[in-house]
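Visitor: protein28.csv (CSV, C-alpha atoms) pasted underneath:
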```csv
chain,number,residue,atom,x,y,z
W,1,MET,CA,18.0,-12.3,1.4
W,2,THR,CA,18.5,-8.7,0.4
W,3,LYS,CA,16.3,-5.8,1.4
W,4,TRP,CA,15.0,-5.5,-2.2
W,5,LYS,CA,14.0,-9.2,-2.3
W,6,PHE,CA,12.1,-8.8,1.0
W,7,PHE,CA,10.4,-5.7,-0.4
W,8,LYS,CA,9.4,-7.4,-3.6
W,9,GLN,CA,8.2,-10.5,-1.8
W,10,GLY,CA,5.9,-8.2,0.4
W,11,VAL,CA,4.6,-6.5,-2.7
W,12,PHE,CA,3.8,-9.8,-4.6
W,13,GLU,CA,2.3,-11.5,-1.5
W,14,GLU,CA,0.0,-8.4,-0.9
W,15,LEU,CA,-1.2,-8.1,-4.5
W,16,PRO,CA,-3.9,-10.9,-4.4
W,17,LEU,CA,-5.6,-9.2,-1.5
W,18,GLN,CA,-6.3,-6.2,-3.6
W,19,VAL,CA,-9.1,-8.1,-5.3
W,20,GLY,CA,-11.1,-7.4,-2.1
W,21,VAL,CA,-9.5,-4.0,-1.1
W,22,PHE,CA,-9.8,-2.2,-4.5
W,23,PRO,CA,-13.7,-2.4,-4.8
W,24,PHE,CA,-13.9,-1.4,-1.1
W,25,GLY,CA,-11.9,1.7,-1.8
W,26,VAL,CA,-14.1,2.6,-4.8
W,27,ILE,CA,-17.2,2.2,-2.6
W,28,TYR,CA,-15.6,4.4,0.0
W,29,GLY,CA,-14.8,7.1,-2.6
W,30,ILE,CA,-18.4,7.0,-4.0
W,31,MET,CA,-19.9,7.1,-0.5
W,32,ALA,CA,-17.7,10.0,0.6
W,33,ILE,CA,-19.0,12.2,-2.3
W,34,GLU,CA,-22.6,11.0,-1.7
W,35,THR,CA,-22.3,12.0,2.0
W,36,GLY,CA,-21.2,15.5,1.1
W,37,LEU,CA,-17.5,15.5,1.5
W,38,THR,CA,-15.5,17.5,-1.1
W,39,PRO,CA,-13.3,15.5,-3.5
W,40,LEU,CA,-10.2,16.8,-1.6
W,41,GLN,CA,-11.6,15.8,1.8
W,42,ALA,CA,-12.6,12.3,0.5
W,43,PHE,CA,-9.3,11.7,-1.1
W,44,LEU,CA,-7.0,13.0,1.7
W,45,MET,CA,-9.0,11.1,4.3
W,46,SER,CA,-7.6,7.9,2.8
W,47,SER,CA,-4.0,8.9,3.5
W,48,ILE,CA,-4.7,10.8,6.8
W,49,ILE,CA,-6.8,8.0,8.5
W,50,PHE,CA,-5.8,5.1,6.1
W,51,GLY,CA,-8.3,2.6,7.5
W,52,GLY,CA,-11.1,1.1,5.4
W,53,ALA,CA,-13.9,0.3,7.9
W,54,SER,CA,-13.1,3.3,10.1
W,55,GLN,CA,-13.4,5.7,7.1
W,56,ILE,CA,-16.9,4.3,6.4
W,57,VAL,CA,-17.8,4.7,10.1
W,58,PHE,CA,-16.6,8.3,9.8
W,59,LEU,CA,-19.0,8.9,6.8
W,60,GLN,CA,-21.9,7.3,8.6
W,61,LEU,CA,-21.4,9.4,11.8
W,62,PHE,CA,-20.7,12.5,9.8
W,63,SER,CA,-23.9,12.1,7.8
W,64,SER,CA,-25.9,11.7,11.0
W,65,ALA,CA,-24.4,14.9,12.4
W,66,SER,CA,-22.6,13.2,15.3
W,67,SER,CA,-20.2,15.3,17.5
W,68,ILE,CA,-16.5,15.3,16.9
W,69,GLY,CA,-16.1,13.4,20.2
W,70,THR,CA,-18.4,10.6,19.1
W,71,ILE,CA,-16.6,10.4,15.7
W,72,VAL,CA,-13.1,10.3,17.2
W,73,ALA,CA,-14.0,7.8,19.9
W,74,SER,CA,-15.8,5.5,17.4
W,75,ILE,CA,-12.9,5.6,15.0
W,76,GLY,CA,-10.5,4.8,17.8
W,77,ALA,CA,-12.6,1.9,19.0
W,78,VAL,CA,-12.9,0.4,15.4
W,79,ASN,CA,-9.1,0.7,15.0
W,80,SER,CA,-8.2,-0.5,18.5
W,81,ARG,CA,-7.3,-3.9,17.2
W,82,HIS,CA,-4.3,-2.4,15.4
W,83,PHE,CA,-2.8,-1.8,18.9
W,84,LEU,CA,-2.6,-5.6,19.3
W,85,TYR,CA,-1.0,-5.9,15.8
W,86,SER,CA,1.6,-3.3,16.7
W,87,ALA,CA,2.3,-5.0,20.1
W,88,SER,CA,2.9,-8.4,18.4
W,89,MET,CA,5.3,-6.8,15.9
W,90,ILE,CA,7.6,-5.3,18.6
W,91,GLU,CA,9.8,-8.4,18.8
W,92,PHE,CA,10.6,-8.0,15.0
W,93,LEU,CA,10.6,-4.2,14.7
W,94,GLY,CA,11.6,-3.0,18.1
W,95,ASN,CA,15.3,-2.5,17.3
W,96,LEU,CA,14.6,-0.3,14.2
W,97,SER,CA,15.2,3.5,14.3
W,98,LEU,CA,12.4,5.8,15.3
W,99,LYS,CA,12.0,6.9,11.6
W,100,TRP,CA,11.4,3.3,10.5
W,101,ARG,CA,9.0,2.6,13.4
W,102,ILE,CA,6.9,5.7,12.5
W,103,ILE,CA,6.7,4.7,8.8
W,104,LEU,CA,5.8,1.0,9.6
W,105,GLY,CA,3.4,2.1,12.3
W,106,TYR,CA,1.6,4.2,9.8
W,107,LEU,CA,1.4,1.3,7.3
W,108,LEU,CA,0.3,-1.3,9.8
W,109,THR,CA,-3.2,-2.1,8.5
W,110,ASP,CA,-5.2,-5.3,8.6
W,111,GLU,CA,-4.1,-6.7,5.2
W,112,ALA,CA,-0.4,-5.7,5.5
W,113,TYR,CA,-0.2,-7.1,9.0
W,114,ALA,CA,-1.9,-10.4,8.0
W,115,VAL,CA,0.6,-11.1,5.3
W,116,SER,CA,3.8,-9.8,7.0
W,117,ILE,CA,3.3,-11.3,10.5
W,118,ARG,CA,3.1,-14.8,8.8
W,119,LYS,CA,6.4,-14.0,7.0
W,120,PHE,CA,8.1,-12.7,10.2
W,121,MET,CA,7.1,-15.8,12.2
W,122,ASN,CA,8.3,-18.3,9.7
W,123,GLU,CA,11.6,-16.5,8.6
W,124,PRO,CA,14.9,-16.9,10.5
W,125,PRO,CA,16.0,-13.6,12.0
W,126,ASN,CA,17.2,-11.1,9.4
W,127,ARG,CA,18.1,-7.4,9.7
W,128,PHE,CA,16.2,-6.6,6.5
W,129,LEU,CA,12.9,-8.4,7.4
W,130,HIS,CA,11.1,-5.1,7.9
W,131,PHE,CA,11.3,-4.4,4.2
W,132,HIS,CA,8.7,-7.1,3.7
W,133,LEU,CA,6.2,-5.0,5.8
W,134,LEU,CA,7.3,-2.0,3.8
W,135,GLY,CA,6.3,-3.9,0.6
W,136,THR,CA,2.9,-5.1,1.9
W,137,GLY,CA,2.2,-1.7,3.4
W,138,ILE,CA,3.1,0.4,0.4
W,139,THR,CA,1.2,-1.9,-2.0
W,140,LEU,CA,-2.0,-1.5,0.2
W,141,PHE,CA,-1.5,2.2,0.5
W,142,LEU,CA,-1.2,2.7,-3.3
W,143,SER,CA,-4.1,0.5,-4.0
W,144,TRP,CA,-6.3,2.3,-1.4
W,145,GLN,CA,-5.4,5.8,-2.8
W,146,ILE,CA,-6.0,4.8,-6.4
W,147,SER,CA,-9.3,3.0,-5.6
W,148,THR,CA,-10.5,6.0,-3.5
W,149,LEU,CA,-9.7,8.3,-6.3
W,150,THR,CA,-11.6,6.1,-8.8
W,151,GLY,CA,-14.6,6.2,-6.4
W,152,VAL,CA,-14.3,10.0,-5.9
W,153,LEU,CA,-14.4,10.5,-9.7
W,154,LEU,CA,-17.4,8.2,-10.1
W,155,GLY,CA,-19.2,9.5,-7.1
W,156,GLY,CA,-21.0,12.6,-8.3
W,157,GLY,CA,-22.2,11.1,-11.5
W,158,LEU,CA,-24.4,8.3,-10.1
W,159,PRO,CA,-28.2,8.7,-10.0
W,160,GLN,CA,-30.1,9.3,-6.7
W,161,PHE,CA,-32.4,6.2,-7.0
W,162,LEU,CA,-29.4,4.0,-6.4
W,163,ASN,CA,-29.5,4.9,-2.7
W,164,LEU,CA,-25.8,4.3,-2.3
W,165,GLN,CA,-25.9,5.2,1.4
W,166,PHE,CA,-27.2,1.7,2.0
W,167,ILE,CA,-23.8,0.3,1.1
W,168,ILE,CA,-22.5,1.4,4.5
W,169,PRO,CA,-24.5,-1.1,6.6
W,170,LEU,CA,-24.0,-3.8,4.0
W,171,THR,CA,-20.3,-3.3,4.2
W,172,PHE,CA,-20.4,-3.6,8.0
W,173,ILE,CA,-22.5,-6.7,7.8
W,174,ALA,CA,-19.9,-8.2,5.4
W,175,ILE,CA,-17.1,-7.3,7.8
W,176,ILE,CA,-18.6,-8.5,11.1
W,177,ILE,CA,-20.5,-11.7,10.2
W,178,PRO,CA,-17.2,-13.6,9.5
W,179,MET,CA,-16.0,-12.5,12.9
W,180,VAL,CA,-19.0,-14.2,14.6
W,181,LYS,CA,-17.3,-17.6,15.3
W,182,SER,CA,-18.2,-18.3,18.9
W,183,PHE,CA,-21.0,-18.1,21.5
W,184,SER,CA,-19.4,-14.9,23.0
W,185,THR,CA,-19.0,-13.1,19.7
W,186,LEU,CA,-22.7,-13.9,18.8
W,187,LEU,CA,-23.7,-12.4,22.2
W,188,VAL,CA,-21.6,-9.3,21.5
W,189,VAL,CA,-23.4,-8.7,18.2
W,190,LEU,CA,-26.9,-9.4,19.7
W,191,GLY,CA,-26.2,-7.4,22.9
W,192,SER,CA,-24.8,-4.3,21.2
W,193,GLY,CA,-27.5,-4.5,18.5
W,194,ILE,CA,-30.5,-4.8,21.0
W,195,SER,CA,-28.9,-2.1,23.2
W,196,ALA,CA,-28.6,0.2,20.2
W,197,LEU,CA,-32.3,-0.2,19.6
W,198,ILE,CA,-33.1,0.7,23.2
W,199,PHE,CA,-30.6,3.5,23.6
W,200,LYS,CA,-31.4,5.1,20.3
W,201,ASN,CA,-35.1,4.9,21.0
W,202,LEU,CA,-34.4,6.7,24.4
W,203,GLN,CA,-32.5,9.3,22.4
W,204,MET,CA,-29.5,8.9,24.5
W,205,ASP,CA,-26.3,10.7,23.6
W,206,PHE,CA,-23.3,8.5,22.9
W,207,TRP,CA,-25.7,5.6,22.2
W,208,ILE,CA,-23.1,3.9,19.9
W,209,ILE,CA,-20.5,3.9,22.6
W,210,LEU,CA,-22.9,2.8,25.3
W,211,SER,CA,-24.3,-0.1,23.1
W,212,ALA,CA,-20.7,-1.1,22.3
W,213,CYS,CA,-19.8,-1.2,26.0
W,214,VAL,CA,-22.8,-3.5,26.7
W,215,GLY,CA,-21.7,-5.8,23.9
W,216,ILE,CA,-18.1,-5.9,25.0
W,217,MET,CA,-19.1,-6.7,28.6
W,218,LEU,CA,-21.3,-9.5,27.4
W,219,GLY,CA,-18.5,-10.9,25.4
W,220,ILE,CA,-16.0,-10.8,28.3
W,221,VAL,CA,-18.5,-12.4,30.7
W,222,THR,CA,-19.5,-15.2,28.4
W,223,SER,CA,-16.1,-15.9,26.8
W,224,LYS,CA,-15.4,-18.7,29.3
W,225,PHE,CA,-18.3,-20.6,27.8
W,226,ASP,CA,-16.6,-20.6,24.3
W,227,ILE,CA,-15.5,-24.0,23.0
W,228,LYS,CA,-11.7,-23.9,22.7
W,229,SER,CA,-10.4,-25.0,19.3
J,230,MET,CA,-15.3,20.9,11.7
J,231,ILE,CA,-14.8,18.2,9.1
J,232,TRP,CA,-11.1,18.8,8.6
J,233,THR,CA,-10.7,18.8,12.4
J,234,SER,CA,-12.5,15.5,12.7
J,235,ILE,CA,-10.5,13.9,9.9
J,236,ILE,CA,-7.1,15.1,11.4
J,237,LEU,CA,-8.1,14.0,14.9
J,238,CYS,CA,-9.2,10.6,13.6
J,239,GLY,CA,-5.9,10.3,11.7
J,240,ILE,CA,-3.9,11.2,14.8
J,241,ILE,CA,-5.7,8.7,17.0
J,242,THR,CA,-5.4,5.9,14.4
J,243,PHE,CA,-1.7,6.6,13.9
J,244,LEU,CA,-1.1,6.6,17.7
J,245,ILE,CA,-3.0,3.3,18.1
J,246,ARG,CA,-0.7,1.7,15.5
J,247,PHE,CA,2.5,3.4,16.7
J,248,ILE,CA,2.4,3.5,20.5
J,249,PRO,CA,3.3,-0.2,21.0
J,250,LEU,CA,6.1,0.0,18.4
J,251,SER,CA,7.4,3.2,20.0
J,252,GLY,CA,8.5,1.3,23.1
J,253,VAL,CA,6.5,3.6,25.5
J,254,VAL,CA,4.3,0.6,26.4
J,255,SER,CA,6.8,-2.1,27.0
J,256,ALA,CA,4.8,-5.0,28.3
J,257,GLU,CA,2.8,-7.4,26.1
J,258,PRO,CA,-1.0,-6.8,26.6
J,259,SER,CA,-2.5,-9.2,29.2
J,260,PRO,CA,-4.8,-12.0,27.9
J,261,PHE,CA,-7.7,-10.1,29.4
J,262,ILE,CA,-7.0,-7.0,27.4
J,263,LYS,CA,-6.4,-9.1,24.2
J,264,ASN,CA,-9.7,-10.9,24.8
J,265,SER,CA,-11.6,-7.6,25.3
J,266,PHE,CA,-10.0,-6.0,22.2
J,267,LYS,CA,-11.3,-8.6,19.8
J,268,TYR,CA,-14.9,-7.7,20.6
J,269,ILE,CA,-14.6,-4.0,20.0
J,270,PRO,CA,-14.9,-3.7,16.2
J,271,MET,CA,-18.1,-5.8,16.1
J,272,ALA,CA,-19.5,-4.1,19.2
J,273,VAL,CA,-19.1,-0.7,17.5
J,274,LEU,CA,-20.2,-1.6,14.0
J,275,THR,CA,-23.4,-3.5,15.0
J,276,PRO,CA,-25.2,-0.4,16.5
J,277,ILE,CA,-24.4,1.5,13.3
J,278,ILE,CA,-25.9,-1.4,11.2
J,279,VAL,CA,-29.0,-1.4,13.4
J,280,ASN,CA,-29.3,2.4,13.0
J,281,ASP,CA,-28.9,2.2,9.2
J,282,LEU,CA,-31.5,-0.5,8.8
J,283,SER,CA,-34.0,2.2,9.9
J,284,ILE,CA,-35.7,-0.1,12.4
J,285,ILE,CA,-36.4,3.0,14.6
J,286,GLN,CA,-38.1,6.0,12.9
J,287,ASN,CA,-39.8,8.8,14.7
J,288,ASN,CA,-39.3,7.0,18.0
J,289,SER,CA,-41.2,3.9,17.0
J,290,PHE,CA,-40.2,0.6,15.6
J,291,PHE,CA,-40.6,0.2,11.8
J,292,PHE,CA,-40.7,-3.4,10.4
J,293,ILE,CA,-43.5,-3.5,7.8
J,294,ASP,CA,-42.4,-2.1,4.3
J,295,ASN,CA,-38.9,-1.6,5.7
J,296,TYR,CA,-37.0,-2.7,2.6
J,297,LYS,CA,-33.7,-1.8,4.3
J,298,LEU,CA,-34.4,-4.3,7.0
J,299,TYR,CA,-35.4,-7.1,4.5
J,300,ALA,CA,-32.3,-6.4,2.4
J,301,GLY,CA,-30.2,-6.4,5.5
J,302,VAL,CA,-31.5,-9.8,6.5
J,303,ILE,CA,-30.7,-11.1,3.0
J,304,ALA,CA,-27.2,-9.6,3.3
J,305,ILE,CA,-26.7,-11.4,6.6
J,306,ILE,CA,-27.7,-14.7,5.1
J,307,VAL,CA,-25.3,-14.2,2.1
J,308,ALA,CA,-22.5,-13.2,4.5
J,309,VAL,CA,-23.0,-16.3,6.7
J,310,ILE,CA,-23.0,-18.6,3.6
J,311,SER,CA,-20.3,-16.9,1.4
J,312,LYS,CA,-18.2,-14.9,3.9
J,313,ASN,CA,-17.5,-12.7,0.9
J,314,ILE,CA,-17.6,-8.9,1.1
J,315,LEU,CA,-18.4,-8.3,-2.5
J,316,ALA,CA,-21.1,-10.9,-2.7
J,317,THR,CA,-22.8,-9.6,0.5
J,318,ILE,CA,-22.8,-6.0,-0.7
J,319,THR,CA,-23.9,-6.9,-4.3
J,320,LEU,CA,-26.8,-9.2,-3.3
J,321,GLY,CA,-27.8,-6.9,-0.4
J,322,MET,CA,-27.8,-3.8,-2.6
J,323,GLY,CA,-29.5,-5.6,-5.5
J,324,SER,CA,-32.3,-6.9,-3.4
J,325,PHE,CA,-32.8,-3.5,-1.8
J,326,LEU,CA,-33.0,-1.7,-5.2
J,327,ILE,CA,-35.5,-4.3,-6.6
J,328,MET,CA,-37.7,-3.9,-3.5
J,329,SER,CA,-37.5,-0.1,-3.3
J,330,ASN,CA,-37.9,0.6,-7.0
J,331,PHE,CA,-40.1,-2.2,-8.4
J,332,ILE,CA,-42.3,-3.6,-5.6
J,333,ASN,CA,-45.3,-1.8,-4.1
J,334,ILE,CA,-46.5,-4.0,-1.3
```
As structure tokens, please, write out the structure in this file.
Guide:
Amino acid sequence: MTKWKFFKQGVFEELPLQVGVFPFGVIYGIMAIETGLTPLQAFLMSSIIFGGASQIVFLQLFSSASSIGTIVASIGAVNSRHFLYSASMIEFLGNLSLKWRIILGYLLTDEAYAVSIRKFMNEPPNRFLHFHLLGTGITLFLSWQISTLTGVLLGGGLPQFLNLQFIIPLTFIAIIIPMVKSFSTLLVVLGSGISALIFKNLQMDFWIILSACVGIMLGIVTSKFDIKS
Amino acid sequence: MIWTSIILCGIITFLIRFIPLSGVVSAEPSPFIKNSFKYIPMAVLTPIIVNDLSIIQNNSFFFIDNYKLYAGVIAIIVAVISKNILATITLGMGSFLIMSNFINI
């Protein structure tokens, strides 16, 4: 297979996922303007951070006047799963030049990873295999920028009674509920949620991080009780 | 402040994605680390949900007339049944708008 064929295959395999990604990008753009970001800040954040859920977390923390430390730590925590994605790609991309690894590292998001890792694992070794990830990554990047721009342009013109800020928790509910697949993940959600109520009520600094730590500890301790599939 | 935050978040996100590929960290993460990492997103996002549902206001718990909480529960039920992001957001937002604009309990 040639590099162009791998690239094209990546693009076409990534396209169906945009049904979910595009509206999410529009919602982010609308929310960013509602939260008080300038159109330039809202738009450029999509290429500087380039991470759906983490950008919404940013908006939520920014609107509640959180410190830079809390914002950066929370975004790092939300995106920490990408570390594992990257580690699992090393056997396929480890021999590439630094330039390629920088580009593909930047493009390594949830949806691009999900499509390309399947291809990498089922394809015989090929020196152009990384063009598949380039295809999935660029497709997602363009879709995210265009949808963000659409949301930014729509953002200012929507009436106040719509209370669009409420889309933030709804988006997070939609993201985390499908992750709750076991006893330990249920306890993580319950533990971090109840801790948040307690820590917030006590007006503790870094209550998000503290609550998250309680949830993660509960998950680790109880993971041995999960039923192995 | 906002540009600094955006740029720092961009740097940390890029480093998380790039460091394993860079070869600086050579070993595959241990099963313990892998197991812990999978809990992080939901452990961080849940407190934000709890905060945004306005259960705590002025240092006291707020359940009655809390349309955000009711709409959040509806969204959770939709998410459990459908596992669909758009359906969850649409029905959660729709129920919140109906309650907050048309119902006076």
Visitor: Compile the residues of chain J that lie within 6 Å of chain W, evaluated using all atoms listed in the file, and express the compilation as a PyMOL selection string.
Guide: chain J and resi 234+238-239+243+245-247+249-250+268+270-273+275-276+278+288+308+312+314+317-318
Visitor: Go ahead and compute the interatomic distance for CA of Leu17 in chain W and CA of Val307 in chain J, in Å to one decimal.
Guide: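 Interatomic distance here is 20.6 Å.
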Visitor: Can you tell me how far CA of Thr136 in chain W sits from CA of Ile262 in chain J, in Å to one decimal?
Guide: 27.4 Å
Visitor: What's the 10 Å shell around Phe131 in chain W, counting all atoms listed in the file, without same-chain residues fewer than 3 positions away, as a VMD selection string?
Guide: chain W and resid 2 to 11 100 104 116 127 to 128 134 to 137
Visitor: At what distance in Å, to one decimal, does CA of Gly36 in chain W lie from CA of Glu111 in chain W?
Guide: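 If I compute the distance from CA of Glu111 in chain W to CA of Gly36 in chain W, I get 28.3 Å.
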Visitor: The residues within 9 Å of (-15.2, 9.2, -6.4), using all atoms listed in the file and the coordinates of the file, should be reported as a list in words; which are they?
Guide: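 Applying the cut-off with all atoms listed in the file, one gets Val26, Ile27, Tyr28, Gly29, Ile30, Met31, Ala32, Ile33, Glu34, Pro39, Ala42, Phe43, Ser147, Thr148, Leu149, Thr150, Gly151, Val152, Leu153, Leu154, Gly155, Gly156 and Gly157 of chain W.
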